Every structure is written in structure tokens, then in C-alpha cells.
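Pasted below: run-v1.cif, mmCIF, C-alpha atoms (C1' of nucleotides).
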```cif
data_model
#
loop_
_atom_site.label_atom_id
_atom_site.label_comp_id
_atom_site.auth_asym_id
_atom_site.auth_seq_id
_atom_site.Cartn_x
_atom_site.Cartn_y
_atom_site.Cartn_z
CA MET A 283 -25.74 -15.75 14.27
CA ALA A 284 -22.30 -14.18 14.65
CA GLY A 285 -19.58 -15.87 16.66
CA ALA A 286 -18.91 -19.12 14.82
CA PRO A 287 -16.30 -18.95 12.09
CA VAL A 288 -17.97 -18.39 8.73
CA PRO A 289 -16.68 -20.61 5.91
CA ASP A 290 -14.62 -18.78 3.33
CA ILE A 291 -16.81 -20.12 0.56
CA VAL A 292 -19.77 -18.31 2.09
CA VAL A 293 -17.87 -15.03 2.34
CA GLY A 294 -16.94 -15.49 -1.29
CA ARG A 295 -20.58 -15.44 -2.33
CA LEU A 296 -21.49 -12.30 -0.44
CA PRO A 297 -19.92 -9.94 -3.01
CA LEU A 298 -21.98 -11.70 -5.65
CA TYR A 299 -25.14 -11.07 -3.66
CA LEU A 300 -24.12 -7.47 -3.15
CA ARG A 301 -23.52 -6.95 -6.85
CA ALA A 302 -26.90 -8.36 -7.79
CA LEU A 303 -28.67 -6.35 -5.11
CA VAL A 304 -27.08 -3.12 -6.29
CA GLN A 305 -28.36 -3.91 -9.77
CA MET A 306 -31.82 -4.47 -8.34
CA GLY A 307 -31.56 -1.16 -6.55
CA ASP A 308 -30.66 0.51 -9.84
CA GLU A 309 -33.84 -1.00 -11.25
CA ALA A 310 -35.77 0.67 -8.42
CA LYS A 311 -36.62 -2.66 -6.85
CA GLU A 312 -37.31 -2.18 -3.15
CA VAL A 313 -37.88 -5.70 -2.00
CA THR A 314 -36.65 -9.07 -3.18
CA SER A 315 -36.61 -12.71 -2.11
CA SER A 316 -33.99 -15.42 -1.88
CA GLN A 317 -35.75 -17.00 -4.83
CA GLN A 318 -35.43 -13.95 -7.08
CA LEU A 319 -31.84 -13.36 -6.11
CA GLY A 320 -31.04 -16.99 -6.70
CA ASP A 321 -32.64 -16.96 -10.14
CA ARG A 322 -30.41 -14.08 -11.19
CA LEU A 323 -27.29 -15.72 -9.93
CA GLY A 324 -27.97 -19.34 -10.67
CA ILE A 325 -27.83 -20.21 -6.98
CA SER A 326 -30.49 -22.01 -4.94
CA SER A 327 -32.69 -19.95 -2.66
CA ALA A 328 -31.84 -22.20 0.26
CA GLN A 329 -28.17 -21.48 -0.25
CA ILE A 330 -28.72 -17.76 -0.14
CA ARG A 331 -30.88 -17.92 2.95
CA LYS A 332 -28.38 -20.09 4.75
CA ASP A 333 -25.47 -17.87 3.77
CA LEU A 334 -27.19 -14.72 4.97
CA SER A 335 -28.37 -16.38 8.18
CA GLN A 336 -24.73 -16.81 9.18
CA PHE A 337 -24.57 -13.08 9.77
CA GLY A 338 -27.99 -12.20 11.09
CA GLU A 339 -31.69 -12.19 10.31
CA PHE A 340 -32.07 -9.71 7.50
CA GLY A 341 -35.38 -10.77 5.98
CA LYS A 342 -39.05 -10.69 6.87
CA GLN A 343 -41.10 -13.84 6.68
CA GLY A 344 -43.73 -13.71 4.00
CA THR A 345 -42.12 -10.61 2.50
CA GLY A 346 -38.45 -11.16 1.70
CA TYR A 347 -35.54 -8.77 1.96
CA ASN A 348 -35.45 -5.01 1.72
CA VAL A 349 -32.93 -4.34 -1.03
CA ALA A 350 -31.39 -1.16 0.34
CA PHE A 351 -31.18 -2.58 3.83
CA LEU A 352 -29.52 -5.77 2.71
CA ILE A 353 -27.05 -3.81 0.59
CA GLY A 354 -26.11 -1.87 3.68
CA GLN A 355 -25.67 -5.00 5.74
CA LEU A 356 -23.53 -6.72 3.13
CA LYS A 357 -21.34 -3.65 2.74
CA ARG A 358 -20.87 -3.59 6.47
CA ILE A 359 -20.00 -7.30 6.62
CA LEU A 360 -17.61 -7.02 3.70
CA LYS A 361 -16.18 -3.78 5.08
CA VAL A 362 -16.73 -1.87 1.87
CA GLU A 363 -18.80 0.96 3.31
CA LYS A 364 -15.68 3.06 3.10
CA ILE A 365 -13.22 3.24 0.21
CA TRP A 366 -10.00 1.26 0.59
CA ASP A 367 -6.82 2.87 -0.70
CA VAL A 368 -4.89 0.31 -2.70
CA ALA A 369 -1.29 0.01 -3.85
CA LEU A 370 -0.69 -1.19 -7.40
CA VAL A 371 2.67 -2.75 -8.17
CA GLY A 372 3.71 -3.13 -11.79
CA VAL A 373 2.77 -0.50 -14.33
CA GLY A 374 3.21 -2.42 -17.55
CA ASP A 375 0.37 -2.89 -20.00
CA LEU A 376 -1.60 -4.95 -17.53
CA GLY A 377 -0.96 -2.62 -14.60
CA ARG A 378 -1.95 0.42 -16.66
CA ALA A 379 -5.19 -1.27 -17.63
CA VAL A 380 -5.90 -2.05 -14.00
CA ALA A 381 -5.05 1.50 -13.00
CA HIS A 382 -7.45 2.87 -15.61
CA TYR A 383 -10.28 0.50 -14.76
CA ALA A 384 -13.22 2.63 -13.73
CA GLY A 385 -15.08 -0.15 -11.95
CA PHE A 386 -13.23 -0.07 -8.65
CA ILE A 387 -14.18 3.23 -7.14
CA ASP A 388 -17.93 2.65 -6.98
CA ARG A 389 -17.43 -0.63 -5.23
CA GLY A 390 -15.00 0.21 -2.51
CA PHE A 391 -11.50 0.60 -3.91
CA ARG A 392 -9.25 3.42 -5.05
CA ILE A 393 -5.81 2.96 -6.48
CA ALA A 394 -3.79 5.35 -4.40
CA ALA A 395 -0.19 4.44 -5.16
CA LEU A 396 1.74 3.04 -8.11
CA PHE A 397 5.08 1.25 -8.01
CA ASP A 398 7.42 -0.04 -10.68
CA SER A 399 11.08 -1.00 -10.90
CA ASP A 400 11.69 0.44 -14.38
CA PRO A 401 13.76 3.64 -14.08
CA ALA A 402 12.16 4.92 -17.27
CA LYS A 403 8.75 4.85 -15.61
CA ILE A 404 9.64 5.97 -12.09
CA GLY A 405 8.76 9.61 -11.61
CA THR A 406 6.27 9.68 -14.47
CA ARG A 407 2.54 9.78 -13.92
CA VAL A 408 -0.53 7.76 -14.82
CA ASP A 409 -3.62 9.89 -14.52
CA ASP A 410 -1.92 12.25 -12.09
CA LEU A 411 -0.70 9.38 -9.96
CA LEU A 412 3.07 9.26 -9.52
CA ILE A 413 4.91 6.03 -10.26
CA GLU A 414 7.23 5.34 -7.35
CA ASP A 415 10.31 3.15 -7.12
CA THR A 416 9.75 -0.36 -5.79
CA GLY A 417 13.01 0.19 -3.93
CA THR A 418 11.25 2.60 -1.60
CA MET A 419 7.93 0.79 -1.73
CA VAL A 420 7.99 -0.74 1.73
CA GLU A 421 8.42 2.58 3.48
CA SER A 422 5.93 4.31 1.23
CA ILE A 423 3.21 1.74 1.83
CA ARG A 424 3.94 1.73 5.55
CA ALA A 425 3.82 5.50 5.73
CA ARG A 426 0.40 5.59 4.11
CA GLY A 427 -0.88 2.67 6.10
CA LEU A 428 -2.10 0.80 3.02
CA LYS A 429 -3.45 -2.66 3.75
CA VAL A 430 -4.50 -3.82 0.28
CA ALA A 431 -2.41 -4.25 -2.87
CA MET A 432 -2.74 -5.40 -6.44
CA LEU A 433 0.11 -7.22 -8.10
CA ALA A 434 0.55 -6.77 -11.85
CA VAL A 435 4.19 -7.67 -12.36
CA PRO A 436 5.50 -10.53 -14.53
CA ALA A 437 5.21 -14.01 -12.99
CA ARG A 438 8.95 -14.13 -12.43
CA GLY A 439 8.96 -11.19 -10.06
CA ALA A 440 5.74 -11.86 -8.24
CA GLN A 441 7.10 -13.80 -5.26
CA VAL A 442 9.75 -11.22 -4.43
CA VAL A 443 7.31 -8.35 -4.66
CA ALA A 444 4.75 -10.24 -2.60
CA GLU A 445 7.27 -10.65 0.20
CA LYS A 446 7.99 -6.94 0.18
CA LEU A 447 4.28 -6.20 0.31
CA VAL A 448 3.93 -8.43 3.35
CA GLU A 449 6.89 -6.68 4.94
CA ALA A 450 5.15 -3.38 4.27
CA GLY A 451 2.10 -4.50 6.21
CA ILE A 452 -0.15 -5.41 3.30
CA GLN A 453 -2.78 -7.94 4.35
CA ALA A 454 -4.67 -8.58 1.13
CA ILE A 455 -3.20 -9.08 -2.33
CA LEU A 456 -5.01 -9.35 -5.62
CA CYS A 457 -2.55 -11.15 -7.86
CA TYR A 458 -2.81 -10.62 -11.60
CA ALA A 459 0.52 -12.34 -12.19
CA PRO A 460 -0.01 -15.77 -13.73
CA THR A 461 1.68 -17.66 -10.90
CA SER A 462 1.06 -18.78 -7.35
CA ILE A 463 2.68 -16.84 -4.55
CA ASN A 464 3.42 -17.97 -1.03
CA VAL A 465 2.66 -15.62 1.83
CA PRO A 466 2.06 -16.03 5.58
CA ALA A 467 -1.33 -17.41 6.58
CA ASN A 468 -2.47 -14.05 7.94
CA VAL A 469 -2.22 -12.48 4.48
CA ARG A 470 -5.03 -13.12 2.00
CA VAL A 471 -4.37 -13.66 -1.69
CA GLN A 472 -6.81 -13.85 -4.56
CA TYR A 473 -5.83 -14.59 -8.13
CA ILE A 474 -7.01 -13.26 -11.46
CA ASP A 475 -5.80 -15.39 -14.36
CA PRO A 476 -8.25 -15.38 -17.25
CA VAL A 477 -6.33 -18.11 -19.03
CA LEU A 478 -7.04 -20.58 -16.23
CA ARG A 479 -10.74 -19.93 -16.72
CA MET A 480 -10.47 -20.31 -20.47
CA GLN A 481 -8.59 -23.58 -20.22
CA GLN A 482 -11.17 -24.91 -17.81
CA MET A 483 -13.91 -24.27 -20.34
CA THR A 484 -12.15 -25.67 -23.38
CA HIS A 485 -11.94 -29.06 -21.72
CA TYR A 486 -15.65 -29.45 -22.30
CA LEU A 487 -15.70 -28.38 -25.94
CA MET B 212 -9.90 -43.93 -15.13
CA ALA B 213 -11.84 -42.21 -17.90
CA GLY B 214 -15.54 -42.80 -18.37
CA ALA B 215 -17.11 -41.46 -15.19
CA PRO B 216 -18.07 -37.78 -15.22
CA VAL B 217 -15.23 -35.73 -13.77
CA PRO B 218 -16.30 -33.07 -11.25
CA ASP B 219 -16.00 -29.55 -12.54
CA ILE B 220 -13.94 -28.57 -9.54
CA VAL B 221 -11.29 -31.07 -10.61
CA VAL B 222 -11.21 -29.75 -14.17
CA GLY B 223 -10.81 -26.30 -12.69
CA ARG B 224 -7.57 -27.28 -11.00
CA LEU B 225 -5.95 -28.81 -14.06
CA PRO B 226 -5.03 -25.45 -15.62
CA LEU B 227 -3.34 -24.59 -12.35
CA TYR B 228 -1.29 -27.76 -12.51
CA LEU B 229 -0.45 -27.05 -16.11
CA ARG B 230 0.70 -23.55 -15.32
CA ALA B 231 2.98 -24.73 -12.52
CA LEU B 232 4.38 -27.55 -14.64
CA VAL B 233 5.23 -25.18 -17.47
CA GLN B 234 7.09 -23.05 -14.95
CA MET B 235 8.98 -26.13 -13.79
CA GLY B 236 9.80 -26.92 -17.40
CA ASP B 237 11.17 -23.41 -17.83
CA GLU B 238 13.38 -24.13 -14.85
CA ALA B 239 14.67 -27.21 -16.69
CA LYS B 240 13.09 -29.55 -14.18
CA GLU B 241 12.49 -32.92 -15.81
CA VAL B 242 10.69 -34.81 -13.08
CA THR B 243 8.48 -33.75 -10.22
CA SER B 244 6.19 -35.25 -7.60
CA SER B 245 2.69 -34.58 -6.36
CA GLN B 246 4.36 -33.28 -3.21
CA GLN B 247 6.50 -30.71 -5.02
CA LEU B 248 3.66 -29.56 -7.19
CA GLY B 249 1.40 -29.27 -4.17
CA ASP B 250 3.94 -27.21 -2.25
CA ARG B 251 4.08 -24.69 -5.09
CA LEU B 252 0.35 -24.41 -5.32
CA GLY B 253 -0.70 -24.75 -1.71
CA ILE B 254 -2.60 -27.93 -2.50
CA SER B 255 -2.21 -31.33 -0.83
CA SER B 256 -0.31 -34.02 -2.69
CA ALA B 257 -3.21 -36.43 -2.26
CA GLN B 258 -5.49 -33.99 -3.98
CA ILE B 259 -3.22 -33.71 -6.96
CA ARG B 260 -2.78 -37.46 -7.28
CA LYS B 261 -6.49 -38.04 -7.06
CA ASP B 262 -7.26 -35.34 -9.59
CA LEU B 263 -4.79 -36.69 -12.10
CA SER B 264 -5.91 -40.28 -11.54
CA GLN B 265 -9.31 -39.31 -12.88
CA PHE B 266 -7.77 -39.09 -16.33
CA GLY B 267 -5.17 -41.82 -16.36
CA GLU B 268 -1.99 -43.05 -14.74
CA PHE B 269 0.62 -40.46 -15.58
CA GLY B 270 3.22 -41.09 -12.89
CA LYS B 271 5.78 -43.72 -12.00
CA GLN B 272 5.85 -45.16 -8.51
CA GLY B 273 8.98 -44.28 -6.66
CA THR B 274 9.84 -41.61 -9.23
CA GLY B 275 7.02 -39.16 -9.75
CA TYR B 276 5.86 -37.44 -12.91
CA ASN B 277 7.80 -36.54 -16.03
CA VAL B 278 7.19 -32.83 -16.41
CA ALA B 279 7.10 -32.64 -20.20
CA PHE B 280 4.91 -35.71 -20.47
CA LEU B 281 2.42 -34.47 -17.90
CA ILE B 282 2.28 -31.07 -19.61
CA GLY B 283 1.39 -32.86 -22.82
CA GLN B 284 -1.31 -34.91 -21.15
CA LEU B 285 -2.87 -31.91 -19.45
CA LYS B 286 -2.86 -29.92 -22.67
CA ARG B 287 -4.60 -32.81 -24.35
CA ILE B 288 -7.20 -33.15 -21.60
CA LEU B 289 -7.83 -29.41 -21.56
CA LYS B 290 -7.81 -29.27 -25.35
CA VAL B 291 -5.21 -26.53 -25.52
CA GLU B 292 -2.70 -28.33 -27.72
CA LYS B 293 -3.98 -26.21 -30.58
CA ILE B 294 -4.73 -22.49 -30.45
CA TRP B 295 -8.38 -21.48 -30.09
CA ASP B 296 -9.55 -18.52 -32.10
CA VAL B 297 -11.62 -16.28 -29.86
CA ALA B 298 -14.16 -13.51 -30.48
CA LEU B 299 -13.93 -10.44 -28.28
CA VAL B 300 -17.05 -8.34 -27.90
CA GLY B 301 -16.73 -4.83 -26.54
CA VAL B 302 -13.72 -2.71 -27.41
CA GLY B 303 -13.87 -0.11 -24.70
CA ASP B 304 -10.99 0.43 -22.28
CA LEU B 305 -11.43 -3.02 -20.82
CA GLY B 306 -11.81 -4.76 -24.16
CA ARG B 307 -8.74 -3.00 -25.53
CA ALA B 308 -6.72 -4.12 -22.55
CA VAL B 309 -7.90 -7.69 -23.06
CA ALA B 310 -7.10 -7.48 -26.77
CA HIS B 311 -3.59 -6.27 -26.00
CA TYR B 312 -2.92 -8.83 -23.33
CA ALA B 313 0.08 -10.85 -24.44
CA GLY B 314 -0.53 -13.76 -22.12
CA PHE B 315 -3.16 -15.59 -24.16
CA ILE B 316 -1.29 -16.78 -27.20
CA ASP B 317 1.29 -18.91 -25.38
CA ARG B 318 -1.41 -20.70 -23.49
CA GLY B 319 -3.86 -21.62 -26.17
CA PHE B 320 -5.88 -18.58 -27.22
CA ARG B 321 -5.77 -15.99 -29.96
CA ILE B 322 -8.15 -13.11 -30.28
CA ALA B 323 -9.28 -13.43 -33.86
CA ALA B 324 -12.28 -11.11 -34.13
CA LEU B 325 -13.41 -7.87 -32.49
CA PHE B 326 -16.95 -6.55 -32.22
CA ASP B 327 -18.43 -3.33 -30.95
CA SER B 328 -21.70 -1.44 -31.39
CA ASP B 329 -20.16 2.03 -31.44
CA PRO B 330 -20.25 3.40 -35.03
CA ALA B 331 -17.18 5.48 -34.27
CA LYS B 332 -15.19 2.33 -33.60
CA ILE B 333 -16.59 0.02 -36.25
CA GLY B 334 -14.22 -0.21 -39.20
CA THR B 335 -11.21 0.96 -37.21
CA ARG B 336 -8.46 -1.41 -36.15
CA VAL B 337 -6.77 -2.57 -32.97
CA ASP B 338 -3.39 -4.04 -33.76
CA ASP B 339 -4.39 -4.81 -37.33
CA LEU B 340 -7.59 -6.48 -36.21
CA LEU B 341 -10.75 -4.94 -37.65
CA ILE B 342 -13.56 -3.94 -35.30
CA GLU B 343 -16.80 -5.31 -36.73
CA ASP B 344 -20.39 -4.32 -36.09
CA THR B 345 -22.24 -6.32 -33.44
CA GLY B 346 -25.17 -6.12 -35.83
CA THR B 347 -23.43 -8.57 -38.13
CA MET B 348 -21.72 -10.47 -35.36
CA VAL B 349 -23.83 -13.62 -35.43
CA GLU B 350 -23.11 -14.32 -39.09
CA SER B 351 -19.45 -13.38 -38.77
CA ILE B 352 -18.87 -15.72 -35.84
CA ARG B 353 -20.80 -18.49 -37.55
CA ALA B 354 -18.87 -18.07 -40.77
CA ARG B 355 -15.57 -18.41 -38.95
CA GLY B 356 -16.79 -21.25 -36.79
CA LEU B 357 -15.66 -19.59 -33.57
CA LYS B 358 -16.62 -21.50 -30.43
CA VAL B 359 -15.13 -19.30 -27.71
CA ALA B 360 -15.81 -15.67 -26.87
CA MET B 361 -14.83 -13.01 -24.37
CA LEU B 362 -17.37 -10.48 -23.23
CA ALA B 363 -16.12 -7.02 -22.29
CA VAL B 364 -19.23 -4.88 -22.66
CA PRO B 365 -20.90 -2.87 -19.87
CA ALA B 366 -23.00 -4.92 -17.44
CA ARG B 367 -26.19 -3.51 -18.92
CA GLY B 368 -25.56 -4.98 -22.35
CA ALA B 369 -24.06 -8.29 -21.32
CA GLN B 370 -27.19 -10.44 -21.37
CA VAL B 371 -28.26 -9.35 -24.83
CA VAL B 372 -24.82 -9.90 -26.27
CA ALA B 373 -24.54 -13.28 -24.55
CA GLU B 374 -27.73 -14.41 -26.22
CA LYS B 375 -26.40 -13.40 -29.61
CA LEU B 376 -23.19 -15.27 -28.95
CA VAL B 377 -25.17 -18.38 -28.13
CA GLU B 378 -27.16 -17.92 -31.29
CA ALA B 379 -23.90 -17.68 -33.19
CA GLY B 380 -22.80 -21.05 -31.90
CA ILE B 381 -20.44 -19.91 -29.14
CA GLN B 382 -20.06 -22.57 -26.46
CA ALA B 383 -17.72 -20.93 -23.97
CA ILE B 384 -17.85 -17.35 -22.71
CA LEU B 385 -15.37 -15.54 -20.53
CA CYS B 386 -17.37 -12.71 -19.03
CA TYR B 387 -15.54 -9.59 -17.90
CA ALA B 388 -18.79 -7.69 -17.44
CA PRO B 389 -19.57 -7.27 -13.73
CA THR B 390 -22.88 -9.11 -13.89
CA SER B 391 -24.27 -12.62 -14.11
CA ILE B 392 -25.56 -13.80 -17.45
CA ASN B 393 -28.02 -16.59 -18.16
CA VAL B 394 -27.29 -18.98 -20.99
CA PRO B 395 -28.39 -22.53 -21.90
CA ALA B 396 -26.83 -25.33 -19.90
CA ASN B 397 -24.74 -26.48 -22.85
CA VAL B 398 -22.86 -23.16 -22.89
CA ARG B 399 -20.08 -22.61 -20.33
CA VAL B 400 -19.52 -19.26 -18.68
CA GLN B 401 -16.66 -18.13 -16.50
CA TYR B 402 -16.47 -14.75 -14.82
CA ILE B 403 -13.67 -12.31 -14.20
CA ASP B 404 -14.65 -9.65 -11.70
CA PRO B 405 -11.68 -8.46 -9.66
CA VAL B 406 -13.92 -6.45 -7.36
CA LEU B 407 -15.65 -9.60 -6.12
CA ARG B 408 -12.27 -10.96 -5.11
CA MET B 409 -11.28 -7.73 -3.42
CA GLN B 410 -14.52 -7.54 -1.45
CA GLN B 411 -14.08 -11.10 -0.31
CA MET B 412 -10.69 -10.24 1.14
CA THR B 413 -11.67 -7.04 2.86
CA HIS B 414 -14.18 -8.91 4.98
CA TYR B 415 -11.28 -10.37 6.92
CA LEU B 416 -9.35 -7.15 7.46
"C1'" DG C 165 13.21 -46.84 -0.15
"C1'" DC C 166 10.05 -43.82 -2.41
"C1'" DA C 167 6.03 -41.99 -4.66
"C1'" DT C 168 1.86 -43.30 -7.10
"C1'" DG C 169 -2.95 -44.67 -7.30
"C1'" DT C 170 -7.03 -45.70 -4.63
"C1'" DG C 171 -10.64 -47.51 -1.44
"C1'" DA C 172 -12.22 -46.03 3.02
"C1'" DA C 173 -13.03 -42.56 6.39
"C1'" DC C 174 -13.93 -38.05 7.28
"C1'" DG C 175 -15.55 -33.43 7.13
"C1'" DG C 176 -17.91 -29.83 5.06
"C1'" DA C 177 -21.23 -27.84 2.00
"C1'" DT C 178 -25.71 -28.07 -0.21
"C1'" DT C 179 -30.31 -29.33 -0.30
"C1'" DC C 180 -34.48 -30.70 1.88
"C1'" DA C 181 -38.45 -29.79 4.21
"C1'" DC C 182 -40.93 -27.60 7.62
"C1'" DA C 183 -41.88 -24.80 11.77
"C1'" DG C 184 -42.61 -20.12 12.61
"C1'" DC C 185 -44.10 -15.70 11.68
"C1'" DG C 186 -45.58 -11.61 9.16
"C1'" DC D 219 -50.77 -17.58 2.04
"C1'" DG D 220 -45.73 -16.55 1.28
"C1'" DC D 221 -41.13 -16.51 2.53
"C1'" DT D 222 -37.61 -16.72 6.04
"C1'" DG D 223 -34.54 -19.24 9.03
"C1'" DT D 224 -32.88 -23.76 10.32
"C1'" DG D 225 -32.22 -28.61 11.94
"C1'" DA D 226 -31.83 -33.01 9.49
"C1'" DA D 227 -30.53 -35.50 5.71
"C1'" DT D 228 -27.92 -35.90 1.73
"C1'" DC D 229 -24.38 -35.18 -1.30
"C1'" DC D 230 -19.76 -34.14 -2.54
"C1'" DG D 231 -14.96 -33.23 -1.96
"C1'" DT D 232 -10.77 -33.88 0.71
"C1'" DT D 233 -7.78 -36.42 3.40
"C1'" DC D 234 -6.04 -40.70 5.17
"C1'" DA D 235 -3.42 -44.61 4.85
"C1'" DC D 236 -1.72 -48.40 2.53
"C1'" DA D 237 -1.10 -51.86 -1.17
"C1'" DT D 238 1.42 -51.74 -5.35
"C1'" DG D 239 5.27 -51.38 -8.14
"C1'" DC D 240 9.47 -48.95 -9.81
#
```

Could the structure of this file be written out as C-alpha cells, please?
Amino acid sequence: MAGAPVPDIVVGRLPLYLRALVQMGDEAKEVTSSQQLGDRLGISSAQIRKDLSQFGEFGKQGTGYNVAFLIGQLKRILKVEKIWDVALVGVGDLGRAVAHYAGFIDRGFRIAALFDSDPAKIGTRVDDLLIEDTGTMVESIRARGLKVAMLAVPARGAQVVAEKLVEAGIQAILCYAPTSINVPANVRVQYIDPVLRMQQMTHYL
Amino acid sequence: MAGAPVPDIVVGRLPLYLRALVQMGDEAKEVTSSQQLGDRLGISSAQIRKDLSQFGEFGKQGTGYNVAFLIGQLKRILKVEKIWDVALVGVGDLGRAVAHYAGFIDRGFRIAALFDSDPAKIGTRVDDLLIEDTGTMVESIRARGLKVAMLAVPARGAQVVAEKLVEAGIQAILCYAPTSINVPANVRVQYIDPVLRMQQMTHYL
DNA sequence: GCATGTGAACGGATTCACAGCG
DNA sequence: CGCTGTGAATCCGTTCACATGC
């Protein structure tokens, strides 16, 4: 049922479905149902069926969903069939950890460029990847045509860097800096701040 | 207006408000309004007022909110006035990065115990903190009375470890493992999986 | 005047429940 | 019979708009 605008909250669940399906595939499961998938994820089967139905009819009545097929469809919808080259800005402790994280490549992302403003770091390498100057970042990102970036600078500098990323043509930013950033509506931002999640939980203790 | 059950989605925004207010405090701002706060965060002022009103009347009509006072109230509500001692399970690359992350202590959390199942790591230290055996984890966590844990083991092992944490009396788990875990309803889980966020964004590119 | 706190109105998301089909 | 896909119904969250009070 393509055509109508799909709610963002639905798109946000698709990666979760994909992750669970890949696990099922690893377990040599060939077919599954909305019920099984929901049980794994703590989501109702109706929710899953409705979400998927926004993009097409992927299941068979009485049978369920073919795991490999649905994985393929979700990858297509999420545009992660190919690997995205990503720029990483900020190579402090956090940025280094992100750069070393092995979990990206299998799921659609490769860190392809590093940037920092510290002269002591510029020109050095992290795993064979050169750290470039943020002063020349805009041109460098433009030249490579990168569309996705990760932000791992201190909160203070995040807004300024974000604006440069937008200027460079970046359209999606994963922000590890513990602050909100303001960007034009056509640029997507997602935040990773573990402390927010921790503080949410402690309320209930 | 305490008494009624507050929606989880509201509790989830409070840490965001707290973070922005602390920033304002750092900027020596003494008073703010729901409008100002909302502009920073990309949230409507009505939303912020309604969220806060769930817990009391913290503002003054015609004036707004006292920043320091509201920070104190939010810390109280979120129970982060004191520092929580946290167990970290899994001291691989990811776990080490989490252990080194300097952003926890200022915001209510201290990593106070490390666990791993690798004999080569057990008994060694990370920043003066001993890595203990997961085999003796349940007793160790119980003995210290820890209530909060972070999970940084491979996806495969996450469920088993989660069950041990529950057995040990842990009531809140921050899960860095890229998988869903099932725990009793009285235990809270929050997930950090940057790839999910990335895949959500690429859909729109 | 200005900004909060809040009932009422609205809109959107989830769940229900079943027709349809393998 | 089993499970999907989906309109209808329900539930929940957000926004509106204004009375209240500094």
C-alpha cells in the first residue's frame, strides 16, 4: 500500500523487525509469523502486521512470512541493501569507540572519514583511516558525496559542527553529543544519549 | 498532580528537560519558560507544561520557571539526586568504552562493578576496577545491593546474562547488546542500538 | 501584560475482530 | 484450520485555548 505517507513511528520499528528476522535467519528459521516476531520483540502481532502492510503484502495467509524474503524487503525499504559511507566527526574517546565498533558494517554502514579539530590528532590514523581537519570538512564531505554522519564531539561544539555538516550536504546525523541540535527540516537527526535512558529508568526504582 | 499513573512517554522526556536546564544553568540563566525550553528541544511549550504539571506546580505565572529549582525537582522525580552504583557486564571493546565514558558520573551514575566470562580478563583491572567472574556475579551484585546494570555482551549471550541480573535483584538494565531481551514486568529495560537509529534515517534518503 | 496550568478538542496510533485466502 | 491484511473501534497523546494569578 505505498503512496500514503508512512508515520515515522512505523519506520522506526522496521529496523527492529529486521534485526529480529536476521537473528531468526541465523537460527535457520525459514518461516515465521507476526505472532512469533511479536513475542520476541514484545510487540503485538496486530501491530507488526499493520506496520508491514503499509509497504506491501509480504505474508501468506495460513503460513506467515518467509524470513529471507522479508529481510530482503525490509532492507530495500530501509535502503540498507548497500553499505552507506559515513563521516564521523570527533575522535575523542567516544569517537574512537564508535570508530572501532564492529557492529556497523554488517548492517549497512561503514565509517569512511574521520574529522577532528585537534591539531595533535589531525594527520594521524585510526585503523588506517586518516583524521582530517574539520576546517576542510565541508569540502571533503562534499567531494566524497557522503550523506550520513555521526557526531561525537562535546555538547558545546555540536551545533556548530551540525551546521557545517548540513552545509556539506549531509542529510542524516546520528548525534552522540549529549545535547539537542537544530537543523533544517529536510535533515534527519537521531540521538544516542545513554544517560537519558538511565534517568528514565531510575524514576521507577 | 501526583497520584495518577504518569505515562512512560512523559517520564521519558523529563531527562531531556533536565539536560537542557542544566545547560541553561551553565549559561547562568536563572529563569526560563516552557517556550524557551521547547525551542531548544523542538518540543511544544504546551507539551512541556503538561508534562511538568503531572508532578506539581513548578512555575510562576507571568514569570516562568526558576532554572535551579526545576533542576532540583526533576532530579528528585527522576531519583538522580544521589549517584547510582551500576554493574557493567561484558568488558569487550564496547564494554570498555562504556566503562571509560566520562559522561555518567555528573548525571547520576557510577560504574561500580565489572563482570566478564573470559578467564583472560577476570582478575585484571580497568581503571582500578576489578573485572569479576560472571560465575560469581549474582552473589556479588546481591552483596553490594546494586539495582542498576548495563549489558555490553554479544547479542547471543544477552538473554542468559539478563536472567542472572534479574536473579541478582537488578531492576533496571541498559542493554547495549543488539537484541531484545525478555525480563519480568517489574524490571525495566532500555536499549542502545545506534544501528537501529541509522537504519531508520536511511529510509528517508 | 505575560506565562502557567488545565479541561476540552483533536488527531494519531494501537488494538480488536473478522473476512479472505492458502 | 491458521494466519494475514484491514476496516472499525478504542485508546492515548498532543494541541488548543483560556481562566488564573503573578

Item to check | Within 8 Å of region 354-368 of chain B using all atoms listed in the file, minus same-chain residues under 5 positions, as a list in words | outcome: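 Near neighbours after the sequence-gap exclusion: Trp295, Asp296, Val297, Ala298, Leu299, Val300, Gly301, Val302, Gly303, Leu305, Gly306, Ala373, Leu376, Gly380, Ile381, Gln382, Ala383, Ile384, Leu385, Cys386, Tyr387, Ala388, Pro389 and Thr390 of chain B.
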
Next on the checklist: Residues within 12 Å of DC236 (chain D), please, as a list in words. Count only C-alpha atoms (C1' of nucleotides); anything in the same chain fewer than 4 positions from it doesn't count.
Outcome noted: DT168, DG169, DT170, DG171 and DA172 of chain C

Next on the checklist: When the PyMOL selection byres ((chain A) within 8 of (chain D)) is applied to the structure above, which residues does it catch, written out as a ChimeraX atom specification?
Outcome noted: /A:315,331-332,335,339,341-346

Checklist entry - Interatomic distance between CA of Met412 (chain B) and CA of Arg470 (chain A)? => result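 These atoms are spaced 6.4 Å apart.
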
Item to check | Point-to-point distance from CA of Arg392 (chain A) to CA of Lys364 (chain A), Å rounded to tenths | outcome: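 These two atoms are separated by 10.4 Å.
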
Checklist entry - How many Å separate CA of Leu478 (chain A) from CA of Ala379 (chain B)? => result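 CA of Ala379 (chain B) lies at a distance of 24.1 Å from CA of Leu478 (chain A).
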
Checklist entry - Which is closest to chain C among A:Gln317, A:Tyr299, A:Pro401, A:Ser327, if we use all atoms listed in the file? => result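 Going through A:Gln317, A:Tyr299, A:Pro401, A:Ser327 one by one, the smallest distance to chain C is for A:Ser327.
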
Next on the checklist: Would you mind listing, as a list in words, all residues of chain C that have at least one atom within 12 Å of chain A, where all atoms listed in the file are what counts?
Outcome noted: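 Interface list for chain C against chain A: DG176, DA177, DT178, DT179, DC180, DA181, DG184, DC185 and DG186 of chain C.
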
Checklist entry - Of the candidates B:Glu292, B:Asp237, B:Asp304, B:Asp338, which shows the shortest atom-to-atom distance to chain A, using only C-alpha atoms? => result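 Closest candidate: B:Asp304.
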
Checklist entry - Using all atoms listed in the file, which of the listed residues (B:Val406, B:Leu263, B:Ala331, B:Met235) sits closest to chain A? => result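 Checking each candidate against chain A, we get B:Val406 as the closest.
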
Item to check | Which residue of A:Leu296, A:Ile423, A:Val313, A:Ile404 approaches chain B most closely, using only C-alpha atoms | outcome: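 The answer is A:Leu296, which sits nearest to chain B.
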
Checklist entry - From the set A:Ile393, A:Leu303, A:Ile325, A:Leu412, which residue has the shortest atom-to-atom contact distance to Gln355 (chain A), counting all atoms listed in the file? => result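 Of A:Ile393, A:Leu303, A:Ile325, A:Leu412, the one nearest Gln355 (chain A), counting all atoms listed in the file, is A:Leu303.
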